[in-house]
Each structure stands twice: as structure tokens, then as C-alpha cells.
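Enquirer: This one is work-v5.txt, compact mmCIF, C-alpha atoms.
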# COMPACT_ATOMS: atom_id res chain seq x y z
CA MET D 1 -33.21 -0.44 13.81
CA ALA D 2 -34.64 2.57 11.98
CA ALA D 3 -37.48 1.89 9.54
CA ALA D 4 -36.75 2.79 5.94
CA ILE D 5 -39.23 5.13 4.19
CA PRO D 6 -39.70 4.04 0.58
CA PHE D 7 -39.57 6.94 -1.80
CA SER D 8 -39.93 6.81 -5.56
CA VAL D 9 -40.45 9.32 -8.37
CA SER D 10 -41.84 8.08 -11.69
CA LEU D 11 -40.95 9.94 -14.89
CA SER D 12 -43.45 9.63 -17.76
CA LEU D 13 -41.82 9.90 -21.18
CA SER D 14 -45.14 10.11 -23.07
CA SER D 15 -45.51 12.69 -25.82
CA ASP D 16 -46.96 16.08 -24.88
CA SER D 17 -48.45 18.45 -27.41
CA GLN D 18 -47.67 21.45 -25.23
CA PRO D 19 -44.46 20.74 -23.31
CA SER D 20 -44.00 24.39 -22.44
CA LYS D 21 -47.14 24.32 -20.27
CA ARG D 22 -45.99 21.33 -18.26
CA LEU D 23 -45.70 22.26 -14.58
CA PRO D 24 -42.85 21.06 -12.37
CA VAL D 25 -43.59 18.44 -9.72
CA ILE D 26 -43.44 19.88 -6.22
CA LEU D 27 -42.78 17.40 -3.45
CA THR D 28 -44.68 18.18 -0.26
CA SER D 29 -45.71 16.27 2.81
CA SER D 30 -49.04 15.45 1.14
CA ASN D 31 -47.57 13.50 -1.76
CA LEU D 32 -44.74 11.80 0.13
CA GLN D 33 -45.37 8.11 0.75
CA LEU D 34 -45.41 6.98 4.34
CA PRO D 35 -44.11 3.58 5.42
CA PHE D 36 -47.56 2.27 6.34
CA LEU D 37 -49.10 3.13 2.94
CA SER D 38 -48.66 0.96 -0.11
CA PRO D 39 -46.95 2.72 -3.03
CA HIS D 40 -49.01 4.01 -5.95
CA LYS D 41 -52.37 3.55 -4.10
CA SER D 42 -54.96 6.23 -3.40
CA LEU D 43 -58.06 6.33 -1.17
CA HIS D 44 -61.44 7.37 -2.73
CA PHE D 45 -64.34 8.58 -0.58
CA SER D 46 -68.01 8.90 -1.62
CA SER D 47 -71.31 9.49 0.13
CA ARG D 48 -72.13 5.78 -0.08
CA SER D 49 -68.93 4.83 1.59
CA LEU D 50 -69.50 7.37 4.32
CA VAL D 51 -72.97 5.97 5.07
CA SER D 52 -71.85 2.36 5.02
CA SER D 53 -68.99 3.14 7.29
CA LYS D 54 -71.47 4.12 10.02
CA CYS D 55 -73.36 0.83 9.86
CA SER D 56 -70.66 -1.74 9.40
CA SER D 57 -66.98 -2.06 9.91
CA PRO D 58 -64.83 -1.35 6.88
CA SER D 59 -63.59 -4.30 4.90
CA PRO D 60 -59.90 -5.10 5.32
CA PRO D 61 -57.67 -3.65 2.61
CA PRO D 62 -56.39 -6.04 -0.02
CA PRO D 63 -52.91 -7.44 0.57
CA SER D 64 -50.11 -5.39 -0.88
CA PRO D 65 -48.46 -6.85 -3.97
CA PRO D 66 -45.03 -8.44 -3.58
CA PRO D 67 -42.07 -6.18 -4.33
CA PRO D 68 -40.82 -6.26 -7.92
CA PRO D 69 -37.74 -8.33 -8.77
CA SER D 70 -35.66 -5.21 -9.17
CA SER D 71 -36.20 -4.24 -5.53
CA THR D 72 -35.08 -7.70 -4.41
CA THR D 73 -31.97 -7.42 -6.56
CA ILE D 74 -31.14 -4.01 -5.16
CA THR D 75 -31.56 -5.25 -1.59
CA THR D 76 -29.30 -8.23 -2.21
CA THR D 77 -26.65 -6.04 -3.81
CA THR D 78 -26.75 -3.60 -0.92
CA THR D 79 -26.39 -6.44 1.59
CA THR D 80 -23.42 -7.89 -0.28
CA THR D 81 -21.72 -4.49 -0.51
CA SER D 82 -22.28 -3.86 3.19
CA THR D 83 -20.77 -7.27 4.00
CA GLU D 84 -17.69 -6.58 1.88
CA THR D 85 -17.28 -3.13 3.44
CA SER D 86 -17.53 -4.50 6.98
CA SER D 87 -15.04 -7.24 6.08
CA ALA D 88 -12.59 -4.68 4.73
CA SER D 89 -13.03 -2.51 7.83
CA THR D 90 -12.36 -5.51 10.06
CA THR D 91 -9.20 -6.38 8.12
CA TYR D 92 -8.01 -2.76 8.19
CA SER D 93 -8.47 -2.68 11.96
CA TYR D 94 -5.83 -5.39 12.33
CA LEU D 95 -3.18 -3.07 10.83
CA GLU D 96 -0.92 -1.29 13.26
CA ASP D 97 -1.22 2.48 13.31
CA SER D 98 2.40 2.70 12.18
CA TYR D 99 1.52 1.07 8.85
CA LYS D 100 -1.75 2.85 8.02
CA THR D 101 -1.40 5.15 5.03
CA GLY D 102 -4.17 7.62 5.85
CA ARG D 103 -5.92 7.16 2.48
CA PHE D 104 -8.70 4.94 1.18
CA LEU D 105 -7.51 1.43 0.36
CA SER D 106 -9.23 -1.29 -1.63
CA ASN D 107 -9.66 -4.80 -0.22
CA GLU D 108 -6.73 -6.04 -2.31
CA GLU D 109 -4.50 -3.22 -1.05
CA ILE D 110 -5.44 -3.97 2.57
CA GLU D 111 -4.51 -7.62 2.10
CA LYS D 112 -1.15 -6.64 0.61
CA LEU D 113 -0.51 -4.20 3.44
CA ASN D 114 -1.23 -6.94 5.97
CA ALA D 115 1.33 -9.16 4.23
CA LEU D 116 3.89 -6.34 4.25
CA GLN D 117 3.29 -5.75 7.95
CA ASP D 118 4.18 -9.38 8.73
CA PHE D 119 7.25 -9.54 6.45
CA ARG D 120 10.52 -10.44 8.21
CA TYR D 121 13.91 -11.36 6.81
CA HIS D 122 16.42 -12.84 9.28
CA GLN D 123 20.04 -13.67 8.56
CA GLN D 124 22.94 -14.78 10.72
CA LEU D 125 26.22 -13.03 9.89
CA GLU D 126 29.76 -13.77 10.94
CA THR D 127 29.83 -10.84 13.32
CA GLY D 128 26.20 -10.83 14.44
CA SER D 129 22.65 -11.10 13.15
CA MET D 130 20.39 -9.00 10.96
CA CYS D 131 16.65 -8.47 10.62
CA VAL D 132 14.91 -6.59 7.77
CA ARG D 133 11.30 -5.40 7.94
CA LEU D 134 8.99 -2.59 6.89
CA MET D 135 9.76 0.90 8.21
CA ARG D 136 7.32 2.15 10.84
CA LEU D 137 6.15 5.74 11.05
CA GLU D 138 8.05 6.41 14.27
CA GLU D 139 11.26 5.14 12.62
CA MET D 140 11.18 7.67 9.81
CA ASP D 141 13.52 10.20 11.49
CA ILE D 142 16.38 7.76 12.03
CA THR D 143 15.95 6.53 8.45
CA VAL D 144 16.04 10.11 7.18
CA LYS D 145 19.27 10.71 9.10
CA LEU D 146 20.91 7.63 7.60
CA LEU D 147 19.88 8.51 4.03
CA ALA D 148 20.92 12.16 4.33
CA GLU D 149 24.38 11.28 5.64
CA SER D 150 24.80 8.68 2.92
CA PHE D 151 23.78 11.10 0.15
CA VAL D 152 26.18 13.76 1.41
CA GLU D 153 28.99 11.24 1.36
CA SER D 154 28.18 9.81 -2.08
CA MET D 155 27.74 13.23 -3.71
CA VAL D 156 30.86 14.64 -1.99
CA LEU D 157 28.93 17.54 -0.48
CA PRO D 158 29.93 19.65 2.52
CA VAL D 159 28.66 18.43 5.88
CA GLY D 160 26.54 21.58 6.20
CA TYR D 161 24.17 20.19 3.57
CA VAL D 162 23.01 17.41 5.88
CA SER D 163 20.27 19.55 7.47
CA LEU D 164 18.89 20.57 4.08
CA LEU D 165 18.99 17.01 2.82
CA ARG D 166 17.21 15.79 5.94
CA TYR D 167 14.28 18.08 5.18
CA LEU D 168 14.12 17.02 1.53
CA VAL D 169 14.49 13.32 2.31
CA LYS D 170 11.76 13.44 4.95
CA GLN D 171 9.31 15.06 2.53
CA TYR D 172 10.18 12.37 0.01
CA LEU D 173 9.62 9.52 2.50
CA ILE D 174 6.27 10.97 3.54
CA GLU D 175 5.13 10.99 -0.09
CA ARG D 176 6.47 7.49 -0.72
CA ARG D 177 4.80 6.14 2.42
CA ALA D 178 1.44 7.18 0.99
CA ALA D 179 2.13 4.87 -1.99
CA MET D 180 2.02 1.72 0.16
CA PRO D 181 1.44 -1.12 -0.61
CA HIS D 182 2.73 -0.38 -4.14
CA ALA D 183 6.08 0.83 -2.78
CA VAL D 184 7.74 0.33 0.60
CA THR D 185 10.82 1.36 2.56
CA LEU D 186 12.65 -1.48 4.28
CA ILE D 187 15.05 -1.02 7.17
CA GLY D 188 17.62 -3.47 8.51
CA PHE D 189 18.69 -3.81 12.14
CA TYR D 190 22.01 -5.31 13.15
CA LYS D 191 23.03 -7.02 16.40
CA ALA D 192 26.74 -7.55 17.02
CA LYS D 193 28.10 -10.48 18.99
CA GLN D 194 30.42 -10.11 21.94
CA GLU D 195 32.44 -12.89 23.51
CA MET D 196 32.39 -13.13 27.28
CA ASP D 197 35.31 -14.23 29.45
CA ALA D 198 33.78 -17.69 29.87
CA GLY D 199 33.57 -18.15 26.11
CA GLU D 200 29.86 -17.36 25.97
CA GLU D 201 28.43 -15.00 23.40
CA MET D 202 26.06 -12.14 24.05
CA GLU D 203 24.32 -9.91 21.52
CA ASP D 204 24.24 -6.15 21.88
CA VAL D 205 21.16 -4.00 21.45
CA GLU D 206 20.17 -3.83 17.79
CA GLU D 207 20.86 -0.66 15.82
CA LEU D 208 19.73 0.64 12.46
CA ALA D 209 22.23 -0.60 9.89
CA GLY D 210 20.69 0.11 6.48
CA THR D 211 17.64 0.90 4.40
CA VAL D 212 16.35 0.23 0.90
CA GLU D 213 13.27 1.24 -1.12
CA VAL D 214 11.30 -1.26 -3.20
CA CYS D 215 8.67 -0.42 -5.85
CA PHE D 216 6.39 -3.25 -6.99
CA ASP D 217 4.34 -1.84 -9.88
CA LYS D 218 3.40 1.23 -11.90
CA ARG D 219 1.38 2.81 -9.09
CA GLY D 220 4.43 2.71 -6.85
CA ALA D 221 6.90 3.95 -9.47
CA ASN D 222 8.79 7.16 -8.83
CA THR D 223 7.48 10.16 -10.74
CA SER D 224 11.02 11.39 -11.49
CA PRO D 225 13.18 8.30 -12.00
CA PRO D 226 16.86 8.62 -12.88
CA THR D 227 18.05 7.95 -16.39
CA PRO D 228 18.21 5.54 -18.06
CA THR D 229 14.68 4.78 -16.88
CA SER D 230 13.39 1.33 -16.02
CA PRO D 231 9.94 -0.03 -17.03
CA LYS D 232 7.36 1.48 -14.70
CA ASN D 233 5.39 -1.75 -14.38
CA ALA D 234 8.45 -3.74 -13.26
CA PRO D 235 9.81 -3.96 -9.69
CA TYR D 236 12.55 -1.46 -8.95
CA ILE D 237 15.08 -1.26 -6.09
CA CYS D 238 16.59 2.10 -5.14
CA ASN D 239 17.87 4.36 -2.35
CA MET D 240 19.90 1.73 -0.55
CA ALA D 241 22.21 2.97 2.18
CA VAL D 242 24.34 1.27 4.86
CA LYS D 243 25.66 2.91 8.00
CA GLY D 244 29.33 3.77 7.54
CA SER D 245 30.57 2.05 10.70
CA LEU D 246 28.80 -1.22 9.78
CA ARG D 247 29.95 -1.66 6.20
CA ARG D 248 31.85 -4.67 4.87
CA ARG D 249 29.75 -7.07 6.93
CA GLY D 250 27.27 -8.24 4.29
CA ILE D 251 24.49 -5.86 5.34
CA GLY D 252 24.02 -4.31 1.88
CA TRP D 253 23.98 -7.74 0.26
CA ASN D 254 21.28 -8.96 2.64
CA LEU D 255 19.21 -5.83 2.03
CA LEU D 256 19.16 -6.81 -1.65
CA LYS D 257 18.26 -10.40 -0.77
CA ALA D 258 15.42 -9.23 1.47
CA SER D 259 14.16 -7.02 -1.37
CA GLU D 260 14.22 -9.95 -3.79
CA GLU D 261 12.34 -12.17 -1.36
CA LEU D 262 9.68 -9.51 -0.80
CA ILE D 263 9.29 -8.91 -4.55
CA SER D 264 8.83 -12.66 -5.09
CA GLN D 265 5.97 -12.61 -2.57
CA MET D 266 4.25 -9.40 -3.72
CA SER D 267 4.73 -9.37 -7.52
CA SER D 268 4.43 -11.85 -10.38
CA MET D 269 7.14 -10.05 -12.38
CA GLN D 270 10.51 -11.75 -12.59
CA ASP D 271 12.59 -8.86 -13.95
CA VAL D 272 13.92 -6.57 -11.21
CA TYR D 273 15.73 -3.32 -12.01
CA LEU D 274 18.14 -1.09 -10.13
CA HIS D 275 20.65 1.66 -10.90
CA CYS D 276 24.29 1.06 -10.06
CA ARG D 277 26.80 3.91 -9.81
CA MET D 278 30.35 2.90 -10.59
CA ILE D 279 33.35 5.09 -9.78
CA ASP D 280 36.47 4.79 -11.89
CA SER D 281 39.81 4.50 -10.17
CA ALA D 282 42.02 7.56 -9.54
CA PRO D 283 43.02 10.07 -10.75
CA LEU D 284 39.82 10.96 -12.69
CA GLN D 285 37.32 9.07 -10.50
CA HIS D 286 34.64 9.40 -13.17
CA ARG D 287 31.16 8.35 -11.96
CA ARG D 288 29.04 6.27 -14.32
CA LYS D 289 25.43 5.22 -13.75
CA HIS D 290 24.11 1.97 -15.20
CA LEU D 291 20.62 0.48 -15.30
CA MET D 292 20.88 -3.17 -14.36
CA CYS D 293 18.34 -5.96 -14.53
CA LYS D 294 18.12 -9.27 -12.71
CA LYS D 295 15.70 -12.07 -13.54
CA LEU D 296 14.43 -13.77 -10.43
CA ALA D 297 13.88 -17.51 -10.54
CA VAL D 298 10.37 -18.86 -10.09
CA LEU D 299 10.39 -20.02 -6.48
CA LYS D 300 8.11 -22.36 -4.60
CA ASN D 301 9.83 -21.55 -1.32
CA PRO D 302 11.29 -18.10 -0.48
CA SER D 303 14.27 -19.78 1.18
CA GLU D 304 15.45 -20.83 -2.29
CA LEU D 305 16.74 -17.29 -2.72
CA ASP D 306 19.76 -18.20 -0.61
CA ILE D 307 20.69 -21.27 -2.69
CA PRO D 308 23.96 -20.69 -4.60
CA GLY D 309 23.43 -20.40 -8.32
CA SER D 310 19.80 -19.26 -8.05
CA ASP D 311 20.75 -15.87 -9.51
CA THR D 312 20.30 -16.36 -13.22
CA LYS D 313 21.32 -12.94 -14.51
CA LEU D 314 23.87 -10.27 -13.63
CA SER D 315 24.95 -11.99 -10.42
CA SER D 316 28.55 -10.93 -10.98
CA GLN D 317 27.55 -7.27 -11.29
CA LEU D 318 25.43 -7.41 -8.16
CA ASP D 319 28.38 -8.79 -6.23
CA MET D 320 29.95 -5.35 -6.62
CA LEU D 321 27.17 -3.91 -4.43
CA LYS D 322 28.06 -6.14 -1.49
CA SER D 323 28.77 -3.96 1.49
Please express the file's structure as C-alpha cells.

Expert:
Amino acid sequence: MAAAIPFSVSLSLSSDSQPSKRLPVILTSSNLQLPFLSPHKSLHFSSRSLVSSKCSSPSPPPPSPPPPPSSTTITTTTTTTSTETSSASTTYSYLEDSYKTGRFLSNEEIEKLNALQDFRYHQQLETGSMCVRLMRLEEMDITVKLLAESFVESMVLPVGYVSLLRYLVKQYLIERRAAMPHAVTLIGFYKAKQEMDAGEEMEDVEELAGTVEVCFDKRGANTSPPTPTSPKNAPYICNMAVKGSLRRRGIGWNLLKASEELISQMSSMQDVYLHCRMIDSAPLQHRRKHLMCKKLAVLKNPSELDIPGSDTKLSSQLDMLKS
């Protein structure tokens, strides 16, 4: 362990009749304090001391005074800070590389990111099963593909725009990923059931079925939200998409339920906002965008989200989003 060299500079604020003639202090090797010398002590030599030194051994130096209280306080503070830093580093090391944001995180943010890493939402459907969790870094490309195809379809754009939208969506997801744990992208995987000849059931390999973005607070809010805007300090759900071939199976509804469960765990706010786009029937097919709010019930157990009647506000409007 390297020895620390104490170093101090004292500033005298006494009055000076000629401040312009004051010379600057030059630090050299002669006036630097070494670890084996006591601070603010000097050695004086005289002829008497030289003579006596030849006849007898020098008297031992007086014991050094104890360090001032301020030094003890500083040492204690440094030790506490080092302990907290090492604890945060240890906690951060438990995160998978796929969930690390690449920026400095506080201890509270690291704890939230650990909770997000372990989040799972499982649901059995009539035609299979579904699992919702946080998007990993290596799963960004398949999520980008799903979102780009969904946007092209919803905005009635030519198929040639998919490549351009993929580039824009990927840049957006990269920026939003840096906002974790204040905002996250969830993805849902679906496993279909198949009946065998003997009446047994076997599940296929899971496939990406949908995605949804959840913002928890002001730091995770989108810089350019759609109008009408929602409160930035309130949780917000957006950018939900379901694969076209897997719609009408309850996947979109369970993505919303997973988002509500995660918000209940990560935020103390009860009001959750989302934008809903409604399309009028033919022949005009006018598109109208509405800002909708749902008040989540105070839950002691996350499983209470699935209890009928737990939705206390706008449940009928949210039923229209069921996919």
C-alpha cells in the first residue's frame, strides 16, 4: 500500500501595508514536507548543539501532536465514499452487458436497472403463451424491423420507405436506450401450441410478437412528444406494435398489462398516459389522435392487475386497443 505524503499550504489573510511587494510562494523540493517529518516543524542548529552532539547522543524528538479533528473527519468521509463507490461498482458488475447503458449511473439508477433486468411478465393465451421482458442490445435489430413495418402500415406509406424508417427507428432506439432506467423498451415473445396426433401439445420456438415503450418520469420523457402532450413527470406508454400475423390473440392487451405492472413496480405515480389513434369508418377514414389517461389502483401484489374490475378509469377505451 503506497504511503501518502501529507501536503498543505497555509494562506495568511493578515493585513499588509505593501501588498504589491509581496512575493509569490515557490514550491520546491526544499519546502515540501516529507512523510517522516512532522508538519509545521523546523530544525535549528547552533554551535552549542554541534558540540553537545559530539559528546552525547541527541535527545529523542518530542512526540508529534495528534491530527486535528478536521483531518479525522476528512479521512472518515473518504472511507465512506470509497465504500459506497465500491458497493456501486459491485452492483453494476452484476448487470448483463446487454443492459449496460454506457454512461455514469447513480446508485439508485443501478438498483432500478437491476430490477428492470429481472422483470418478467408471463401469460398463458388460448393459442399459446407469452413472455414480456426488457429488450437486450442484440435484439434491437429485430425490434427495429417490427416497428418500421408497423409504422409504414399505420401511416399508409409505400413499402420502399421501410429501409429509411429502419434507419430512423434504430437511431431513436439507441438514444432511448441511453435513458434507462428512466425509460425502457419492452418486447414480447409468443409461443404457439400445436396438437400432436396422440392428443399431446407441443410449443413451437418463440418468436418476437410485439414491443412497447414505457417512460417512468421526467428524465425519461420524450423530447418531442405528440400533441396533445402528457405531463412529463407522469408515466407514459407509446410506440406499441404487434406483428401482423399474430394479431387478434391478446398480445397487444398483454403488452399494456405488462407495462402497467412494470410502472406499478418502478413509479409511485398512479396516472398513466398514452395516445390512441382512432380511425373513422369508410368512406372518409379520418384519423383522430386522443390523449388518454388511466389511474392505476394501489396494489400490494402485482398479480392484482389481472383481477377483473381493477381498472378504475377508461377501461372501456383501452379495450379498443386489444389486438

Enquirer: Do a neighbour search on Glu207 in chain D at 7 Å with only C-alpha atoms, toss out local chain neighbours closer than 3 positions, and write the hits as a ChimeraX atom specification.

Expert: /D:189-191

Enquirer: Can you write out the residues you just picked, keeping C-alpha atoms, as a CSV table (one decimal), keeping the file's coordinate frame?

Expert:
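Okay, this is what ended up in out19.csv:
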chain,number,residue,atom,x,y,z
D,189,PHE,CA,18.7,-3.8,12.1
D,190,TYR,CA,22.0,-5.3,13.2
D,191,LYS,CA,23.0,-7.0,16.4

Enquirer: Compile the contact shell of Leu246 in chain D as an MDAnalysis selection string: residues with an atom at most 9 Å away, counting all atoms listed in the file, same-chain residues fewer than 2 positions apart removed.

Expert: chainID D and resid 190 209:210 242:244 248:249 251 323

Enquirer: CA of Glu213 in chain D and CA of Thr185 in chain D, how far apart in Å?

Expert: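 If I compute the distance from CA of Thr185 in chain D to CA of Glu213 in chain D, I get 4.4 Å.
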
Enquirer: Provide the CA of Leu165 in chain D to CA of Met140 in chain D distance in Å, to one decimal place.

Expert: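 Computing the Euclidean distance for CA of Leu165 in chain D and CA of Met140 in chain D yields 14.0 Å.
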
Enquirer: By how many Å are CA of Leu291 in chain D and CA of Asp141 in chain D apart?

Expert: 29.4 Å

Enquirer: Compare D:Thr127, D:Thr101, D:Asn239, D:Ser154 by their minimum atom-to-atom distance to Cys215 in chain D, counting all atoms listed in the file, and give me the closest one.

Expert: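 Smallest distance to Cys215 in chain D is found for D:Asn239.
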
Enquirer: Which residue gives the smallest distance to Tyr273 in chain D among D:Lys295, D:Arg287, D:Lys257, D:His182, with only C-alpha atoms counted?

Expert: D:Lys295

Enquirer: Could you list as a PyMOL selection string every residue that has an atom within 8 Å of (20.3, 7.5, 3.8), using the file's coordinates and counting all atoms listed in the file?

Expert: chain D and resi 143-151+210-211+239-242

Enquirer: For the interface of range 168-279 of chain D with range 102-115 of chain D (cut-off 10 Å, counting all atoms listed in the file), please tabulate each contacting residue of range 168-279 of chain D alongside its nearest pair of atoms and their separation in Å to one decimal, rows sorted by chain and increasing number, as JSON lines.

Expert:
{"residue": "D:Arg177", "atom": "CA", "partner": "D:Gly102", "partner_atom": "CA", "distance": 9.7}
{"residue": "D:Ala178", "atom": "CA", "partner": "D:Gly102", "partner_atom": "CA", "distance": 7.4}
{"residue": "D:Ala179", "atom": "CA", "partner": "D:Arg103", "partner_atom": "CA", "distance": 9.5}
{"residue": "D:Met180", "atom": "CA", "partner": "D:Leu113", "partner_atom": "CA", "distance": 7.2}
{"residue": "D:Pro181", "atom": "CA", "partner": "D:Leu113", "partner_atom": "CA", "distance": 5.4}
{"residue": "D:His182", "atom": "CA", "partner": "D:Glu109", "partner_atom": "CA", "distance": 8.4}
{"residue": "D:Val184", "atom": "CA", "partner": "D:Leu113", "partner_atom": "CA", "distance": 9.8}
{"residue": "D:Leu262", "atom": "CA", "partner": "D:Ala115", "partner_atom": "CA", "distance": 9.8}
{"residue": "D:Gln265", "atom": "CA", "partner": "D:Ala115", "partner_atom": "CA", "distance": 8.9}
{"residue": "D:Met266", "atom": "CA", "partner": "D:Lys112", "partner_atom": "CA", "distance": 7.5}

Enquirer: Around all the atoms of range 103-107 of chain D listed in the file, draw an axis-aligned box and extend it by 3 Å on each of the six sides; I want its centre and edge lengths in Å to one decimal, as AutoDock Vina command-line options.

Expert:
--center_x -7.8 --center_y 1.2 --center_z 0.4 --size_x 9.7 --size_y 18.0 --size_z 10.1

Enquirer: Rank D:Glu260, D:Glu175, D:Glu126, D:Asp271 by their smallest atom-to-atom distance to Pro231 in chain D, using all atoms listed in the file, and report the top residue only.

Expert: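 Between D:Glu260, D:Glu175, D:Glu126, D:Asp271, the residue approaching Pro231 in chain D most closely is D:Asp271.
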